[in-house]
Each structure stands twice: as C-alpha cells, then as structure tokens.
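Q: Got a structure here, written out as structure tokens. Questions coming.
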Amino acid sequence: MLQPGISLTVPPPHPNEASPRALGRRWIIIWGILCLIAIACERPRWEDAQRRAEALSGWLCSRSPDCLPILFWLLLAPLIALFPTLRNRSNRGQGLRRWCGDSASTAEWDLGTVAASVLLAMLAWWATVRVGDQLAGLPPAYHDEYSYLFQAETFRAGRTWFPVATQQPQLFDQIHVLNEPDIDPPNGRFSSRYFPGTGLWMLIFGRADDPVSGHQLAQVLVVLGVFWMGRELATNGVALLAGVLTAVSPGLLLFSNLVLAHHPTLVGLMLFFWMLLRGRRTGSLPSYALAGTGLAFAMICRPMTAAGCSLPAGLVFGVWWLTGNEITRQWMGPPQLQSDAAETTVTASSFAHRTMYAAALGGPLVVGLVGMLLFQQSITGSVKVSPYQLYTDRYTPRHVYGFYNVQRGEQRLGSQVLDHYDRWAENLDAGLAVRNIATRGVNSARWTLGTIPVLAALLVWMAAGWPMLLRPGGWGIVGTAIISLHVVHIPYWFSGIMGWHYVFESAPLLLLLVAQAVKMTVQATGQRLWIGGLLALSVAVNLWTLPPIWPGRVDVGIAELRFPREQYAAFRQTIDQARRGRTALVLVRIDPADRSMDYVTNPADLQGPVLVGRWRDESLDDIRAAFPDRLLLTYDAATREWNRVDEGL
C-alpha cells in the first residue's frame, strides 16, 4: 500500500479515455454497417417461402431473435435523432452524476460504491435464482455435471478417489470418470477426471442437497468482480452498467445453474483481474498476492482457461520482472513512487524490488501448482499425469487436443475406449478450425448480450477506442485476454456447449467493453434515448418471451436444459417404480446414435439402492452371480425397452 507522503507519478489508472470527437461521423458508418448486417441475416428467412410461412405462423423473429427486433430499432435511429438531446441543467442529480464520473482512483470506496455493490448483489441473486427455480427438482443435463458431482461427493468423504468395484468393475465405466482397476491394485482408482477446484468450491459453498447453490453464489461474486474491475478501468457509471449487464446476461444466468467449472473459474479470474488492476494503480503487494491467488484458483479449476486469460498479462509482467523495462512496467508493474518529503524516487528498477512483486504474484501460483501435482499423484500415481490426460488417453483418444486429433487418436486405441462417445470427435483441420472460431465468436456475442449490440460495441472500439487498447491503462489487459482465450482453444475440435463454453469466461470481459463503448457513443452522439433503448431491447429479448414475436433467449436455454434433465428424471422414476423398494442394478445398452444422453451415473462409493452399469452384452448369469442381492433390470436406450431379467417387466 502507498505510504503517507508518497504520490503517483505515472500513469493514472485510465488515462486513455477516447475523445468524443474520435467517433465523429464514423458512428454513421457503424450504424450503416449494423443495418446491412441485420438485413443480410434476415433476408434469407423472408425470401424462402417455407421459412417465411414458419415466421408468420410461429415466432416472427425466429427462435434465435438475433437481428429482427434490433433491426427495427436500428431503422428508428434517424427519427429518434431528431429529438432534442435532453440535458438536466438543474442541481438535481448532480451528486449521482458526480459519483458516476468518479472511479477507484477518486475513492477506493464510498457510500455510493457500497450501495451499488449491495444492489448489484441483490439483482444478481434474484436473476440466477429465478432461472434456477425453473429447473429445480431435476437432475443435471450434461455428462460433465455428473462428474463434478462425483468429485464433490468424493471430497466430502475426505478422499480424492474411491476403490473400483470388486466385481465386474467394467460395468461402471462412466463418462468423465476414471475407472482404473490396474492403478494400485486391488483398490484401483474410481475418480472424476477433472481438476480439483470445482469440487472444492462445491464442497465449501454448495449444499449436498442443492449443489447448484454454490454456483449461484459464484454468479453474485462475478457480478461484483465486474463492477470493481470497471471502477479500476473507467468510471463508476461504466462499472455499474457492466455489472447490471452481467447480472442479466442470459449465458451467465444459465451456466450459473449448471454444475460446471466455469463459474468457480470466473470467480478466480475476476479476483485476478481486479487485483492486478488495483496493484498497478496502488503498488500494493497484497493486491498482487491476491491476483496470484485468484489466478491459482482458476488454474486448479480450468488450467487452459486460466492460461489463456492471463497469458498476455503474464508475458508482459515477466519481461518487466526480468528486464525492468519501463514500458512493460507501465503495462503490468506497480507505479513508480515519489516521496514528496525526501524528494527521492522509490524506483522499481532493482531486480530485488521487482522480485518482491513477482513473488507476490507468482507465489500463490506455485502453491496451487504443487497442490495440483500432489492431487494428480494421489489418483494416477504420477505427478506428471493428470486424471484428465489419463482419461483422454484411455477412454477418448480421438478427443485429444490439437489438429488432426482423430487421425492421431486412432493410432492409440485401446481396450477401454468408449467407442460410441469417442467417435463423436471430428477431425480438426483448418476448415473446421475456422468454422469453430466463427461459431464461438457468434455464440459468445449471442449468449453474452446479443450479436448486434456486441458487434456494435466492437465496431465502436475499432473506430475510436483502439488507442485505449494500445496504451497502458488496463483496457489492453481486457482486450488481449479475450483474444488469447479464443486463440488457445483454436486447436480443439469441439466448438463447445451452446457453441461457446470453451470461451465462456470472456463474457464478463466483453460486457466491460460494451459498457465503455456505450459511454464513448453517448459522449460522441448525445443519443441517450436511442442507445439506452438498444440496451433495454437487447435485455428484453434475452429475459422475456413476447408471443408470437420472439421467445426469450433465457427461456429457450431453459427449455434446452429441461429436455435431457426430464429424460434422466423419467429414467430414474421408472427404476424406482420397477424395483418396488428393492436394491437394483440397471444394465444400460447405450444408444450409439445419441452421445448426449448417457444413463450410467453412480454414487462415488458405489453404494445405495440403485446402481447403473454399462452393458456390453456380458453374461447376465455372471452379473447376477456378482450382484446376488440386487434386482437385475436392463434398458435399451435406442429402443427405450425395459426388462426385469428374472420376471419380465
């Protein structure tokens, strides 16, 4: 922290505010581009007779209302521009306007900041619980969620793994779960493939009877993190707008009700970015240590994501640490401090001084890395092999990271491969990589706020905000993190859940860019009414269904999540009806044409009234002999036929 009598001499936290004149007539060009794109996207739908009939008899704006609602508002812009700009010349609201123009450099915190934080937390909690209530009582939807629940259950028992089944262990091959009798026999290893951060988060903050509660809390913390980041990057007004948009972002709301790694990862990343920005402004060693702590936690949740988001900042910080270069210090290092009393300069030029900051930032990363290596060793028997890597090598070799994954994976096929799931992988070549980049980019915008408003914000940055990205001030950290996260996932064949989950963590950063673009555009055009209406319309399209005009994007996402959840629930309900209070073993013959549904999910300790096995036509007599106390049921997922082996259903 700064000492009394110490003042900053370089640079203020956000010295690169774009001049309102920078947009000038470029805003008209941006408006024209947006109109052309919206028309180009809508035109095929109305030129095709069948699609036109569907639009007129169903959802007018389609089930993905990306363009048509916004196009109407775009076309109204010239008319709205004729309205005089309303300026409040009275003294009313001056305090609020003054607060909106302040930032973290003006005041670390004040009553307005505390009040805004409380209101944002309340909005975030209300919004995520509103979505969660519509999914309450249903089991998870994705394979990954079952594995994270498995991990949390294992940690809750004070373990990192459970023993494999003593009889017929191959029956319990579960997607994203290691089932390895040959590791440390006779116990073997029955463990989630995933890194430990998410399980730890669920252990600490999630309830066993409501595991998603911890992720809903994470959503609140992410919203607050965006607000406090925004105060370091720009003004309180920009920060508040970014926080509100994050609290009602459709993708963030949906994922905050999925038991996945993304929200715990985001909590760590928000702490990393916020404290890194604060450390640049104040020179506070604890801020750098907290930044490292946040990044370390993100690393033990999703290592590739943590690396992707932090890589540009880390490289620049590393150059400053090793060389003391002044330009890199302005980007990532602490401020240079001058003592007014002694008229001396406390420099960061000595390697020892720079190493203090490097140790503060890197120390938590080392601790996190050591912890993760020990975690790996406890499961795989080697600090060099993660459960994630071992699972890919043995069960899904075609899913390996990198180009030509199918060709490379087919050279390493073994007896444990989950063939129907492994064959889902597409061979990644240049063409597929380009399509994935486009898919992830479009869906990032769609699920963050909307394709047109996010595109508009990016065009504003290209037209007027780019100097802020190229000069020290913090925005470069945000922009390069978004790009880097997308780049590091190019060498992976799958575009992601909902077309974007590998780059999901860029969503809050995009919303910060949107909020600052709103400020720049309002300053340049004065069109508060039109720009505010654009944001309000985008939020409305996301949150509310307006029959027969558009289905709310959140409602569409909820419907997509409910479908597999209801299938899993019906599966379990049928079992409970068939077993009539007895313990049961259900053998499932997987449908090779449906990779999204896999009913083989079990308690981590393989105890309980119902176990589900993956049936590959093993002898039913042998299985009955191995589990004599359990009622034996079979289920064909392709035909949906049930059978009670002994009596018939």
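Convention: chains lettered A, B, ... in structure tokens order; per-chain residue numbering from 1; ligands numbered from 1 as shown.
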Write out as a list in words which residues come within 9 Å of Ile80 of chain A when counting only C-alpha atoms, dropping same-chain ones fewer than 3 positions away.
A: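 The neighbour list is Leu76, Ala77, Phe83, Pro84, Gln527, Leu529 and Trp530 of chain A.
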Q: For those residues, write N, CA, C and O atoms to a file as a PDB file, in the first residue's frame.
A:
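Saved file selection-v6.pdb follows:
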```
ATOM      1  N   LEU A  76     -35.124   2.982 -36.664  1.00  0.00           N
ATOM      2  CA  LEU A  76     -35.736   4.133 -35.997  1.00  0.00           C
ATOM      3  C   LEU A  76     -34.710   5.182 -35.575  1.00  0.00           C
ATOM      4  O   LEU A  76     -35.090   6.287 -35.176  1.00  0.00           O
ATOM      5  N   ALA A  77     -33.436   4.839 -35.668  1.00  0.00           N
ATOM      6  CA  ALA A  77     -32.394   5.749 -35.175  1.00  0.00           C
ATOM      7  C   ALA A  77     -32.466   7.141 -35.797  1.00  0.00           C
ATOM      8  O   ALA A  77     -32.362   8.147 -35.078  1.00  0.00           O
ATOM      9  N   PHE A  83     -35.065  14.080 -32.159  1.00  0.00           N
ATOM     10  CA  PHE A  83     -35.483  14.592 -30.866  1.00  0.00           C
ATOM     11  C   PHE A  83     -34.350  15.395 -30.246  1.00  0.00           C
ATOM     12  O   PHE A  83     -33.174  15.015 -30.339  1.00  0.00           O
ATOM     13  N   PRO A  84     -34.658  16.497 -29.603  1.00  0.00           N
ATOM     14  CA  PRO A  84     -33.583  17.272 -28.971  1.00  0.00           C
ATOM     15  C   PRO A  84     -32.971  16.492 -27.813  1.00  0.00           C
ATOM     16  O   PRO A  84     -33.655  15.739 -27.116  1.00  0.00           O
ATOM     17  N   GLN A 527     -27.030  10.675 -27.986  1.00  0.00           N
ATOM     18  CA  GLN A 527     -28.284   9.945 -28.166  1.00  0.00           C
ATOM     19  C   GLN A 527     -28.515   8.948 -27.036  1.00  0.00           C
ATOM     20  O   GLN A 527     -28.469   7.737 -27.208  1.00  0.00           O
ATOM     21  N   LEU A 529     -31.299   8.375 -25.472  1.00  0.00           N
ATOM     22  CA  LEU A 529     -32.563   7.665 -25.635  1.00  0.00           C
ATOM     23  C   LEU A 529     -32.398   6.465 -26.553  1.00  0.00           C
ATOM     24  O   LEU A 529     -32.829   5.354 -26.220  1.00  0.00           O
ATOM     25  N   TRP A 530     -31.772   6.655 -27.720  1.00  0.00           N
ATOM     26  CA  TRP A 530     -31.650   5.556 -28.665  1.00  0.00           C
ATOM     27  C   TRP A 530     -30.712   4.466 -28.147  1.00  0.00           C
ATOM     28  O   TRP A 530     -31.017   3.276 -28.234  1.00  0.00           O
TER      29      TRP A 530
END
```
Q: Can you pull out every residue within 6 Å of segment 152-167 of chain A, counting only C-alpha atoms, but drop anything in the same chain fewer than 6 positions away, and send it as number ranges by chain?
A: A: 187-191, 199, 203, 626
Q: Keeping only C-alpha atoms, write the selected residues to a file as a PDB file, in the first residue's frame.
A:
```
ATOM      1  CA  ASN A 187      -8.153 -50.935  -4.772  1.00  0.00           C
ATOM      2  CA  GLY A 188      -7.785 -49.318  -8.167  1.00  0.00           C
ATOM      3  CA  ARG A 189      -8.935 -45.755  -8.716  1.00  0.00           C
ATOM      4  CA  PHE A 190     -12.527 -44.606  -9.190  1.00  0.00           C
ATOM      5  CA  SER A 191     -12.313 -40.828  -9.574  1.00  0.00           C
ATOM      6  CA  GLY A 199     -15.131 -29.926  -6.349  1.00  0.00           C
ATOM      7  CA  LEU A 203     -17.584 -28.680  -1.005  1.00  0.00           C
ATOM      8  CA  ALA A 626     -21.676 -60.986  -8.855  1.00  0.00           C
TER       9      ALA A 626
END
```
Q: I need the residue nearest Ile623 of chain A from this list: A:Gln168, A:Thr583, A:Gln516, A:Asn236. Use only C-alpha atoms for the distance.
A: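 For Ile623 of chain A, the nearest of the given residues is A:Gln168.
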Q: Using the chain letters and numbers from this document, which residues of segment 109-286 of chain A does DSSP assign to strand (DSSP E), as a ChimeraX atom specification?
A: /A:177-180,189-192
Q: Taking a cut-off of 7 Å and counting only C-alpha atoms, can you build a table that, for each residue of segment 419-467 of chain A near segment 49-68 of chain A, reports the nearest atom pair and how far apart they are in Å (one decimal), sorted by chain then residue number, as a Markdown table?
A:
```
| residue | atom | partner | partner_atom | distance |
| --- | --- | --- | --- | --- |
| A:Gly450 | CA | A:Asp66 | CA | 6.4 |
| A:Thr451 | CA | A:Asp66 | CA | 6.1 |
| A:Ile452 | CA | A:Cys67 | CA | 6.8 |
```
Q: Just N, CA and C atoms for this one: save the residues we selected as a CSV table (one decimal), in the first residue's frame.
A:
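File written: again35.csv
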```csv
chain,number,residue,atom,x,y,z
A,450,GLY,N,-26.1,-10.1,-27.0
A,450,GLY,CA,-26.8,-10.2,-28.3
A,450,GLY,C,-25.8,-9.9,-29.4
A,451,THR,N,-26.0,-10.5,-30.5
A,451,THR,CA,-25.0,-10.4,-31.6
A,451,THR,C,-24.8,-8.9,-32.1
A,452,ILE,N,-25.9,-8.3,-32.3
A,452,ILE,CA,-25.8,-6.9,-32.9
A,452,ILE,C,-25.3,-5.9,-31.8
```
Q: With segment 117-137 of chain A as the partner and 12 Å as the cut-off, tabulate the residues of segment 256-362 of chain A that qualify, each row holding the nearest pair of atoms and their distance in Å to one decimal, using only C-alpha atoms, sorted by chain and rising number, as CSV.
A:
```
residue,atom,partner,partner_atom,distance
A:Ser256,CA,A:Thr128,CA,6.7
A:Asn257,CA,A:Gly132,CA,5.8
A:Leu258,CA,A:Gly132,CA,9.1
A:Val259,CA,A:Gly132,CA,11.6
```
Q: Just N, CA, C and O atoms for this one: save the residues we selected as a PDB file, in the first residue's frame.
A:
```pdb
ATOM      1  N   SER A 256     -24.810 -20.389 -14.507  1.00  0.00           N
ATOM      2  CA  SER A 256     -24.764 -20.330 -13.041  1.00  0.00           C
ATOM      3  C   SER A 256     -25.692 -21.350 -12.411  1.00  0.00           C
ATOM      4  O   SER A 256     -25.671 -21.541 -11.188  1.00  0.00           O
ATOM      5  N   ASN A 257     -26.505 -22.011 -13.226  1.00  0.00           N
ATOM      6  CA  ASN A 257     -27.377 -23.086 -12.737  1.00  0.00           C
ATOM      7  C   ASN A 257     -26.991 -24.434 -13.320  1.00  0.00           C
ATOM      8  O   ASN A 257     -27.787 -25.379 -13.298  1.00  0.00           O
ATOM      9  N   LEU A 258     -25.764 -24.530 -13.828  1.00  0.00           N
ATOM     10  CA  LEU A 258     -25.175 -25.798 -14.252  1.00  0.00           C
ATOM     11  C   LEU A 258     -23.998 -26.105 -13.338  1.00  0.00           C
ATOM     12  O   LEU A 258     -23.232 -25.208 -12.977  1.00  0.00           O
ATOM     13  N   VAL A 259     -23.845 -27.362 -12.980  1.00  0.00           N
ATOM     14  CA  VAL A 259     -22.756 -27.738 -12.076  1.00  0.00           C
ATOM     15  C   VAL A 259     -21.501 -28.001 -12.918  1.00  0.00           C
ATOM     16  O   VAL A 259     -21.059 -29.141 -13.076  1.00  0.00           O
TER      17      VAL A 259
END
```
Q: Taking the DSSP secondary structure from the backbone, can you list the residues of segment 433-498 of chain A that are alpha helix (DSSP H), as a PyMOL selection string?
A: chain A and resi 433-448+451-460+466-470+475-488
Q: Per residue of segment 297-414 of chain A within 12 Å of segment 468-476 of chain A, which atom pair is closest and at what distance in Å (one decimal), using only C-alpha atoms, listed by chain and increasing number, as JSON lines?
A:
```
{"residue": "A:Ser310", "atom": "CA", "partner": "A:Gly476", "partner_atom": "CA", "distance": 12.0}
{"residue": "A:Pro312", "atom": "CA", "partner": "A:Gly476", "partner_atom": "CA", "distance": 9.3}
{"residue": "A:Ala313", "atom": "CA", "partner": "A:Gly476", "partner_atom": "CA", "distance": 8.9}
{"residue": "A:Val316", "atom": "CA", "partner": "A:Gly476", "partner_atom": "CA", "distance": 11.3}
{"residue": "A:Glu326", "atom": "CA", "partner": "A:Pro472", "partner_atom": "CA", "distance": 11.2}
{"residue": "A:Ile327", "atom": "CA", "partner": "A:Pro472", "partner_atom": "CA", "distance": 8.3}
{"residue": "A:Thr328", "atom": "CA", "partner": "A:Pro472", "partner_atom": "CA", "distance": 8.7}
{"residue": "A:Arg329", "atom": "CA", "partner": "A:Pro472", "partner_atom": "CA", "distance": 9.2}
{"residue": "A:Gln330", "atom": "CA", "partner": "A:Pro472", "partner_atom": "CA", "distance": 5.9}
{"residue": "A:Trp331", "atom": "CA", "partner": "A:Pro472", "partner_atom": "CA", "distance": 4.8}
{"residue": "A:Met332", "atom": "CA", "partner": "A:Pro472", "partner_atom": "CA", "distance": 8.3}
{"residue": "A:Gly333", "atom": "CA", "partner": "A:Pro472", "partner_atom": "CA", "distance": 10.4}
{"residue": "A:Pro334", "atom": "CA", "partner": "A:Pro472", "partner_atom": "CA", "distance": 12.0}
{"residue": "A:Pro335", "atom": "CA", "partner": "A:Pro472", "partner_atom": "CA", "distance": 11.5}
```
Q: Give me, as a PyMOL selection string, all polymer residues having an atom no more than 9 Å from Leu585 of chain A, counting only C-alpha atoms and skipping those fewer than 3 positions away in the same chain.
A: chain A and resi 609-613+627+630-634
Q: Suppose we keep N, CA and C atoms; can you now write the selection as a short mmCIF file (atom, residue, chain, number, x, y, z; two decimals), in the first residue's frame?
A:
```cif
data_model
loop_
_atom_site.label_atom_id
_atom_site.label_comp_id
_atom_site.auth_asym_id
_atom_site.auth_seq_id
_atom_site.Cartn_x
_atom_site.Cartn_y
_atom_site.Cartn_z
N PRO A 609 -29.27 -47.65 -3.14
CA PRO A 609 -30.30 -48.59 -3.60
C PRO A 609 -30.23 -48.89 -5.10
N VAL A 610 -29.66 -47.99 -5.89
CA VAL A 610 -29.64 -48.19 -7.35
C VAL A 610 -28.24 -47.99 -7.88
N LEU A 611 -27.74 -48.95 -8.64
CA LEU A 611 -26.51 -48.81 -9.41
C LEU A 611 -26.86 -49.00 -10.88
N VAL A 612 -26.14 -48.29 -11.74
CA VAL A 612 -26.38 -48.37 -13.18
C VAL A 612 -25.09 -48.80 -13.85
N GLY A 613 -25.17 -49.81 -14.69
CA GLY A 613 -23.99 -50.34 -15.38
C GLY A 613 -24.08 -50.17 -16.88
N PHE A 627 -23.78 -59.90 -8.27
CA PHE A 627 -24.64 -59.00 -7.50
C PHE A 627 -25.92 -59.74 -7.11
N ARG A 630 -29.19 -57.84 -5.63
CA ARG A 630 -29.81 -56.74 -6.37
C ARG A 630 -30.74 -57.27 -7.46
N LEU A 631 -31.89 -56.62 -7.58
CA LEU A 631 -32.78 -56.89 -8.69
C LEU A 631 -32.09 -56.46 -9.98
N LEU A 632 -32.12 -57.29 -11.01
CA LEU A 632 -31.41 -57.02 -12.25
C LEU A 632 -32.40 -56.54 -13.31
N LEU A 633 -32.19 -55.30 -13.80
CA LEU A 633 -33.01 -54.72 -14.85
C LEU A 633 -32.13 -54.38 -16.05
N THR A 634 -32.69 -54.44 -17.24
CA THR A 634 -31.95 -54.00 -18.43
C THR A 634 -32.76 -52.91 -19.14
#
```
Q: Which one is closest to Arg582 of chain A: A:Gly251, A:Leu285, A:Asp629, A:Glu641? Count only C-alpha atoms.
A: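 Between A:Gly251, A:Leu285, A:Asp629, A:Glu641, the residue approaching Arg582 of chain A most closely is A:Asp629.
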Q: Hey, which of A:Gly101, A:Asn443, A:Val514, A:Pro169 ends up closest to Leu459 of chain A? Count only C-alpha atoms.
A: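 Counting only C-alpha atoms, the residue closest to Leu459 of chain A is A:Val514.
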Q: Do you know which residues are at most 10 Å from Ile531 of chain A counting only C-alpha atoms, after dropping those on the same chain fewer than 3 positions away, and could you put them as a list of chain:residue names?
A: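 Near Ile531 of chain A, the qualifying residues are A:Trp73, A:Leu74, A:Ala77, A:Pro453, A:Val518, A:Lys519, A:Thr521, A:Val522, A:Thr525, A:Gly526, A:Gln527, A:Arg528, A:Leu534, A:Leu535, A:Ala536, A:Leu537.
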Q: With distances taken over only C-alpha atoms, which of A:Met270, A:Leu510, A:Leu369, A:Ala261 is nearest to His215 of chain A?
A: A:Ala261
Q: If I take atom CA of Pro564 of chain A and atom CA of Ile497 of chain A, how far is one from the other in Å, to one decimal?
A: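 That distance, rounded to one decimal, is 13.7 Å.
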Q: In terms of the shortest atom-to-atom distance over only C-alpha atoms, which of A:Cys100, A:Cys35, A:Leu138, A:Leu322 is closest to Tyr357 of chain A?
A: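 With only C-alpha atoms as the atom set, the closest residue is A:Leu322.
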